[in-house]
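Asker: My structure is in data_13.cif, and what it holds is mmCIF, N, CA, C and O atoms:
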data_final
#
loop_
_atom_site.group_PDB
_atom_site.id
_atom_site.type_symbol
_atom_site.label_atom_id
_atom_site.label_comp_id
_atom_site.auth_asym_id
_atom_site.auth_seq_id
_atom_site.Cartn_x
_atom_site.Cartn_y
_atom_site.Cartn_z
ATOM 1 N N MET M 10 -105.968 72.450 29.906
ATOM 2 C CA MET M 10 -104.859 71.732 30.495
ATOM 3 C C MET M 10 -104.880 70.257 30.095
ATOM 4 O O MET M 10 -103.848 69.629 29.970
ATOM 5 N N ALA M 11 -106.068 69.743 29.889
ATOM 6 C CA ALA M 11 -106.194 68.327 29.507
ATOM 7 C C ALA M 11 -105.579 68.077 28.133
ATOM 8 O O ALA M 11 -104.988 67.018 27.900
ATOM 9 N N LYS M 12 -105.704 69.054 27.236
ATOM 10 C CA LYS M 12 -105.127 68.901 25.898
ATOM 11 C C LYS M 12 -103.606 68.835 25.960
ATOM 12 O O LYS M 12 -102.985 68.083 25.219
ATOM 13 N N VAL M 13 -103.037 69.607 26.852
ATOM 14 C CA VAL M 13 -101.583 69.602 27.000
ATOM 15 C C VAL M 13 -101.116 68.243 27.531
ATOM 16 O O VAL M 13 -100.145 67.663 27.028
ATOM 17 N N LEU M 14 -101.808 67.714 28.521
ATOM 18 C CA LEU M 14 -101.449 66.401 29.061
ATOM 19 C C LEU M 14 -101.625 65.308 28.017
ATOM 20 O O LEU M 14 -100.799 64.400 27.919
ATOM 21 N N ASP M 15 -102.692 65.388 27.237
ATOM 22 C CA ASP M 15 -102.899 64.426 26.154
ATOM 23 C C ASP M 15 -101.770 64.501 25.129
ATOM 24 O O ASP M 15 -101.311 63.470 24.623
ATOM 25 N N PHE M 16 -101.337 65.697 24.835
ATOM 26 C CA PHE M 16 -100.234 65.865 23.898
ATOM 27 C C PHE M 16 -98.985 65.160 24.402
ATOM 28 O O PHE M 16 -98.313 64.437 23.670
ATOM 29 N N PHE M 17 -98.639 65.365 25.674
ATOM 30 C CA PHE M 17 -97.451 64.741 26.236
ATOM 31 C C PHE M 17 -97.593 63.221 26.311
ATOM 32 O O PHE M 17 -96.645 62.480 26.031
ATOM 33 N N LYS M 18 -98.771 62.733 26.655
ATOM 34 C CA LYS M 18 -98.998 61.288 26.687
ATOM 35 C C LYS M 18 -98.858 60.695 25.289
ATOM 36 O O LYS M 18 -98.211 59.661 25.105
ATOM 37 N N ASP M 19 -99.459 61.340 24.309
ATOM 38 C CA ASP M 19 -99.367 60.854 22.932
ATOM 39 C C ASP M 19 -97.931 60.916 22.422
ATOM 40 O O ASP M 19 -97.475 60.017 21.706
ATOM 41 N N SER M 20 -97.213 61.959 22.782
ATOM 42 C CA SER M 20 -95.813 62.075 22.374
ATOM 43 C C SER M 20 -94.981 60.951 22.975
ATOM 44 O O SER M 20 -94.143 60.357 22.298
ATOM 45 N N TYR M 21 -95.211 60.652 24.236
ATOM 46 C CA TYR M 21 -94.480 59.580 24.907
ATOM 47 C C TYR M 21 -94.764 58.236 24.243
ATOM 48 O O TYR M 21 -93.843 57.456 23.982
ATOM 49 N N VAL M 22 -96.027 57.962 23.956
ATOM 50 C CA VAL M 22 -96.395 56.701 23.303
ATOM 51 C C VAL M 22 -95.743 56.616 21.926
ATOM 52 O O VAL M 22 -95.224 55.562 21.538
ATOM 53 N N GLU M 23 -95.737 57.702 21.205
ATOM 54 C CA GLU M 23 -95.148 57.683 19.868
ATOM 55 C C GLU M 23 -93.653 57.404 19.930
ATOM 56 O O GLU M 23 -93.121 56.606 19.160
ATOM 57 N N VAL M 24 -92.953 58.054 20.851
ATOM 58 C CA VAL M 24 -91.503 57.879 20.953
ATOM 59 C C VAL M 24 -91.151 56.483 21.444
ATOM 60 O O VAL M 24 -90.175 55.884 20.996
ATOM 61 N N THR M 25 -91.921 55.932 22.371
ATOM 62 C CA THR M 25 -91.572 54.634 22.947
ATOM 63 C C THR M 25 -92.080 53.446 22.138
ATOM 64 O O THR M 25 -91.473 52.372 22.179
ATOM 65 N N GLU M 26 -93.163 53.607 21.391
ATOM 66 C CA GLU M 26 -93.750 52.452 20.719
ATOM 67 C C GLU M 26 -93.746 52.529 19.196
ATOM 68 O O GLU M 26 -93.731 51.498 18.536
ATOM 69 N N LYS M 27 -93.769 53.717 18.630
ATOM 70 C CA LYS M 27 -93.940 53.830 17.184
ATOM 71 C C LYS M 27 -92.665 54.199 16.441
ATOM 72 O O LYS M 27 -92.569 53.976 15.236
ATOM 73 N N VAL M 28 -91.689 54.753 17.132
ATOM 74 C CA VAL M 28 -90.451 55.183 16.488
ATOM 75 C C VAL M 28 -89.526 53.988 16.343
ATOM 76 O O VAL M 28 -89.375 53.188 17.271
ATOM 77 N N THR M 29 -88.919 53.856 15.188
ATOM 78 C CA THR M 29 -87.919 52.814 14.973
ATOM 79 C C THR M 29 -86.545 53.423 15.211
ATOM 80 O O THR M 29 -86.106 54.303 14.459
ATOM 81 N N TRP M 30 -85.875 52.957 16.254
ATOM 82 C CA TRP M 30 -84.570 53.492 16.613
ATOM 83 C C TRP M 30 -83.484 52.702 15.909
ATOM 84 O O TRP M 30 -83.591 51.495 15.726
ATOM 85 N N PRO M 31 -82.396 53.349 15.505
ATOM 86 C CA PRO M 31 -81.311 52.617 14.830
ATOM 87 C C PRO M 31 -80.557 51.716 15.814
ATOM 88 O O PRO M 31 -80.531 51.976 17.015
ATOM 89 N N THR M 32 -79.941 50.678 15.253
ATOM 90 C CA THR M 32 -79.100 49.821 16.085
ATOM 91 C C THR M 32 -77.795 50.552 16.385
ATOM 92 O O THR M 32 -77.483 51.585 15.781
ATOM 93 N N TRP M 33 -77.024 50.004 17.323
ATOM 94 C CA TRP M 33 -75.751 50.628 17.692
ATOM 95 C C TRP M 33 -74.800 50.666 16.490
ATOM 96 O O TRP M 33 -74.104 51.646 16.260
ATOM 97 N N ALA M 34 -74.782 49.599 15.694
ATOM 98 C CA ALA M 34 -73.903 49.548 14.516
ATOM 99 C C ALA M 34 -74.315 50.595 13.483
ATOM 100 O O ALA M 34 -73.465 51.258 12.891
ATOM 101 N N GLN M 35 -75.616 50.743 13.260
ATOM 102 C CA GLN M 35 -76.087 51.760 12.319
ATOM 103 C C GLN M 35 -75.723 53.156 12.804
ATOM 104 O O GLN M 35 -75.309 54.011 12.021
ATOM 105 N N LEU M 36 -75.870 53.372 14.099
ATOM 106 C CA LEU M 36 -75.543 54.671 14.676
ATOM 107 C C LEU M 36 -74.064 54.991 14.493
ATOM 108 O O LEU M 36 -73.694 56.104 14.120
ATOM 109 N N GLN M 37 -73.202 54.010 14.711
ATOM 110 C CA GLN M 37 -71.768 54.213 14.529
ATOM 111 C C GLN M 37 -71.435 54.484 13.067
ATOM 112 O O GLN M 37 -70.633 55.373 12.763
ATOM 113 N N ASN M 38 -72.035 53.735 12.155
ATOM 114 C CA ASN M 38 -71.778 53.937 10.725
ATOM 115 C C ASN M 38 -72.195 55.336 10.287
ATOM 116 O O ASN M 38 -71.466 56.010 9.555
ATOM 117 N N HIS M 39 -73.351 55.764 10.725
ATOM 118 C CA HIS M 39 -73.823 57.091 10.337
ATOM 119 C C HIS M 39 -72.973 58.186 10.967
ATOM 120 O O HIS M 39 -72.733 59.229 10.336
ATOM 121 N N ALA M 40 -72.492 57.966 12.177
ATOM 122 C CA ALA M 40 -71.616 58.948 12.820
ATOM 123 C C ALA M 40 -70.305 59.085 12.049
ATOM 124 O O ALA M 40 -69.794 60.195 11.871
ATOM 125 N N VAL M 41 -69.775 57.977 11.564
ATOM 126 C CA VAL M 41 -68.538 58.021 10.771
ATOM 127 C C VAL M 41 -68.781 58.756 9.461
ATOM 128 O O VAL M 41 -67.952 59.573 9.031
ATOM 129 N N ILE M 42 -69.916 58.504 8.837
ATOM 130 C CA ILE M 42 -70.245 59.195 7.586
ATOM 131 C C ILE M 42 -70.333 60.697 7.807
ATOM 132 O O ILE M 42 -69.797 61.494 7.020
ATOM 133 N N VAL M 43 -70.988 61.106 8.887
ATOM 134 C CA VAL M 43 -71.105 62.538 9.189
ATOM 135 C C VAL M 43 -69.738 63.141 9.476
ATOM 136 O O VAL M 43 -69.427 64.246 9.021
ATOM 137 N N LEU M 44 -68.898 62.431 10.201
ATOM 138 C CA LEU M 44 -67.556 62.917 10.510
ATOM 139 C C LEU M 44 -66.722 63.095 9.246
ATOM 140 O O LEU M 44 -66.079 64.134 9.054
ATOM 141 N N VAL M 45 -66.740 62.105 8.371
ATOM 142 C CA VAL M 45 -65.976 62.186 7.120
ATOM 143 C C VAL M 45 -66.496 63.326 6.244
ATOM 144 O O VAL M 45 -65.713 64.103 5.690
ATOM 145 N N ALA M 46 -67.808 63.454 6.137
ATOM 146 C CA ALA M 46 -68.382 64.533 5.329
ATOM 147 C C ALA M 46 -68.009 65.894 5.912
ATOM 148 O O ALA M 46 -67.684 66.827 5.157
ATOM 149 N N SER M 47 -68.001 66.013 7.227
ATOM 150 C CA SER M 47 -67.630 67.283 7.865
ATOM 151 C C SER M 47 -66.180 67.639 7.581
ATOM 152 O O SER M 47 -65.856 68.804 7.316
ATOM 153 N N VAL M 48 -65.297 66.654 7.639
ATOM 154 C CA VAL M 48 -63.882 66.912 7.357
ATOM 155 C C VAL M 48 -63.698 67.316 5.904
ATOM 156 O O VAL M 48 -62.953 68.257 5.601
ATOM 157 N N ILE M 49 -64.378 66.644 4.995
ATOM 158 C CA ILE M 49 -64.260 66.985 3.566
ATOM 159 C C ILE M 49 -64.761 68.404 3.322
ATOM 160 O O ILE M 49 -64.109 69.185 2.617
ATOM 161 N N ILE M 50 -65.896 68.757 3.890
ATOM 162 C CA ILE M 50 -66.440 70.106 3.711
ATOM 163 C C ILE M 50 -65.492 71.142 4.302
ATOM 164 O O ILE M 50 -65.249 72.201 3.700
ATOM 165 N N ALA M 51 -64.918 70.843 5.484
ATOM 166 C CA ALA M 51 -63.963 71.773 6.099
ATOM 167 C C ALA M 51 -62.733 71.960 5.218
ATOM 168 O O ALA M 51 -62.229 73.083 5.069
ATOM 169 N N LEU M 52 -62.249 70.883 4.615
ATOM 170 C CA LEU M 52 -61.083 70.988 3.720
ATOM 171 C C LEU M 52 -61.413 71.793 2.468
ATOM 172 O O LEU M 52 -60.576 72.586 1.999
ATOM 173 N N VAL M 53 -62.604 71.611 1.933
ATOM 174 C CA VAL M 53 -63.011 72.381 0.752
ATOM 175 C C VAL M 53 -63.087 73.868 1.099
ATOM 176 O O VAL M 53 -62.592 74.722 0.348
ATOM 177 N N ILE M 54 -63.663 74.204 2.231
ATOM 178 C CA ILE M 54 -63.758 75.605 2.644
ATOM 179 C C ILE M 54 -62.369 76.178 2.896
ATOM 180 O O ILE M 54 -62.072 77.312 2.518
ATOM 181 N N PHE M 55 -61.486 75.393 3.519
ATOM 182 C CA PHE M 55 -60.119 75.838 3.757
ATOM 183 C C PHE M 55 -59.409 76.124 2.427
ATOM 184 O O PHE M 55 -58.728 77.152 2.284
ATOM 185 N N ALA M 56 -59.567 75.222 1.465
ATOM 186 C CA ALA M 56 -58.934 75.415 0.155
ATOM 187 C C ALA M 56 -59.492 76.654 -0.539
ATOM 188 O O ALA M 56 -58.731 77.435 -1.125
ATOM 189 N N MET M 57 -60.796 76.854 -0.481
ATOM 190 C CA MET M 57 -61.395 78.038 -1.101
ATOM 191 C C MET M 57 -60.877 79.317 -0.439
ATOM 192 O O MET M 57 -60.601 80.306 -1.123
ATOM 193 N N ASP M 58 -60.718 79.285 0.877
ATOM 194 C CA ASP M 58 -60.199 80.447 1.597
ATOM 195 C C ASP M 58 -58.761 80.745 1.186
ATOM 196 O O ASP M 58 -58.399 81.909 0.953
ATOM 197 N N LYS M 59 -57.943 79.703 1.095
ATOM 198 C CA LYS M 59 -56.542 79.904 0.701
ATOM 199 C C LYS M 59 -56.438 80.428 -0.729
ATOM 200 O O LYS M 59 -55.641 81.319 -1.019
ATOM 201 N N VAL M 60 -57.217 79.868 -1.628
ATOM 202 C CA VAL M 60 -57.174 80.313 -3.027
ATOM 203 C C VAL M 60 -57.615 81.769 -3.134
ATOM 204 O O VAL M 60 -56.948 82.581 -3.790
ATOM 205 N N SER M 61 -58.710 82.121 -2.478
ATOM 206 C CA SER M 61 -59.177 83.502 -2.564
ATOM 207 C C SER M 61 -58.182 84.451 -1.905
ATOM 208 O O SER M 61 -57.958 85.559 -2.390
ATOM 209 N N SER M 62 -57.554 84.014 -0.825
ATOM 210 C CA SER M 62 -56.541 84.843 -0.171
ATOM 211 C C SER M 62 -55.350 85.067 -1.092
ATOM 212 O O SER M 62 -54.844 86.193 -1.215
ATOM 213 N N ASN M 63 -54.904 84.019 -1.759
ATOM 214 C CA ASN M 63 -53.768 84.146 -2.684
ATOM 215 C C ASN M 63 -54.114 85.030 -3.880
ATOM 216 O O ASN M 63 -53.276 85.812 -4.338
ATOM 217 N N VAL M 64 -55.324 84.907 -4.383
ATOM 218 C CA VAL M 64 -55.742 85.743 -5.516
ATOM 219 C C VAL M 64 -55.779 87.209 -5.096
ATOM 220 O O VAL M 64 -55.303 88.094 -5.832
ATOM 221 N N LEU M 65 -56.316 87.496 -3.925
ATOM 222 C CA LEU M 65 -56.372 88.880 -3.460
ATOM 223 C C LEU M 65 -54.970 89.434 -3.188
ATOM 224 O O LEU M 65 -54.697 90.600 -3.475
ATOM 225 N N GLU M 66 -54.082 88.609 -2.636
ATOM 226 C CA GLU M 66 -52.699 89.059 -2.434
ATOM 227 C C GLU M 66 -52.026 89.350 -3.768
ATOM 228 O O GLU M 66 -51.269 90.314 -3.892
ATOM 229 N N LEU M 67 -52.296 88.532 -4.760
ATOM 230 C CA LEU M 67 -51.723 88.730 -6.085
ATOM 231 C C LEU M 67 -52.261 90.030 -6.707
ATOM 232 O O LEU M 67 -51.513 90.806 -7.283
ATOM 233 N N LEU M 68 -53.559 90.272 -6.568
ATOM 234 C CA LEU M 68 -54.168 91.460 -7.146
ATOM 235 C C LEU M 68 -53.724 92.751 -6.446
ATOM 236 O O LEU M 68 -53.447 93.762 -7.093
ATOM 237 N N TYR M 69 -53.664 92.710 -5.126
ATOM 238 C CA TYR M 69 -53.386 93.919 -4.368
ATOM 239 C C TYR M 69 -51.943 94.035 -3.899
ATOM 240 O O TYR M 69 -51.540 95.062 -3.369
ATOM 241 N N GLY M 70 -51.173 92.984 -4.048
ATOM 242 C CA GLY M 70 -49.780 93.016 -3.638
ATOM 243 C C GLY M 70 -49.604 93.121 -2.142
ATOM 244 O O GLY M 70 -48.624 93.686 -1.658
ATOM 245 N N ILE M 71 -50.542 92.581 -1.381
ATOM 246 C CA ILE M 71 -50.483 92.640 0.070
ATOM 247 C C ILE M 71 -50.140 91.239 0.596
ATOM 248 O O ILE M 71 -50.690 90.256 0.169
ATOM 249 N N ASN M 72 -49.210 91.191 1.523
ATOM 250 C CA ASN M 72 -48.867 89.914 2.172
ATOM 251 C C ASN M 72 -49.429 89.922 3.583
ATOM 252 O O ASN M 72 -49.183 90.838 4.342
ATOM 253 N N SER M 73 -50.161 88.879 3.918
ATOM 254 C CA SER M 73 -50.755 88.834 5.257
ATOM 255 C C SER M 73 -49.884 88.085 6.233
ATOM 256 O O SER M 73 -48.958 87.453 5.936
#
Taking this structure as input, can you express it in the form of structure tokens?
Answerer:
Amino acid sequence: MAKVLDFFKDSYVEVTEKVTWPTWAQLQNHAVIVLVASVIIALVIFAMDKVSSNVLELLYGINS
């Protein structure tokens, strides 16, 4: 049980004293980057889905 308590104490010390946390401005900038990248990836997947759907409709003559 002592090892478990030591683990939690060491984890707390590491998080509170050794970790470098980003500033609020850095956090906002990175959040915007993630948001933009997510939208771009979603648009690429949407375009790939539409293209493959159109190709399959052309090949099979099926309209969805």
Asker: Find the distance between CA of Met57 in chain M and atom C of Gly70 in chain M and write it in Å to one decimal.
Answerer: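 Taking CA of Met57 in chain M as the start and atom C of Gly70 in chain M as the end point, the length is 19.2 Å.
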Asker: Please compute the CA of Asp15 in chain M-CA of Lys27 in chain M distance, one decimal, in Å.
Answerer: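 Separating CA of Asp15 in chain M from CA of Lys27 in chain M is a distance of 16.5 Å.
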Asker: What does the distance from CA of Ile42 in chain M to CA of Ala56 in chain M come to in Å, to one decimal?
Answerer: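 For CA of Ile42 in chain M relative to CA of Ala56 in chain M, the distance reads 21.1 Å.
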Asker: Range 20-23 of chain M, all listed atoms, 8 Å padding on each side: what axis-aligned box centre and edge lengths in Å to one decimal come out, as lines of an AutoDock Vina configuration file?
Answerer:
center_x = -95.2
center_y = 58.8
center_z = 22.0
size_x = 20.1
size_y = 22.5
size_z = 21.7
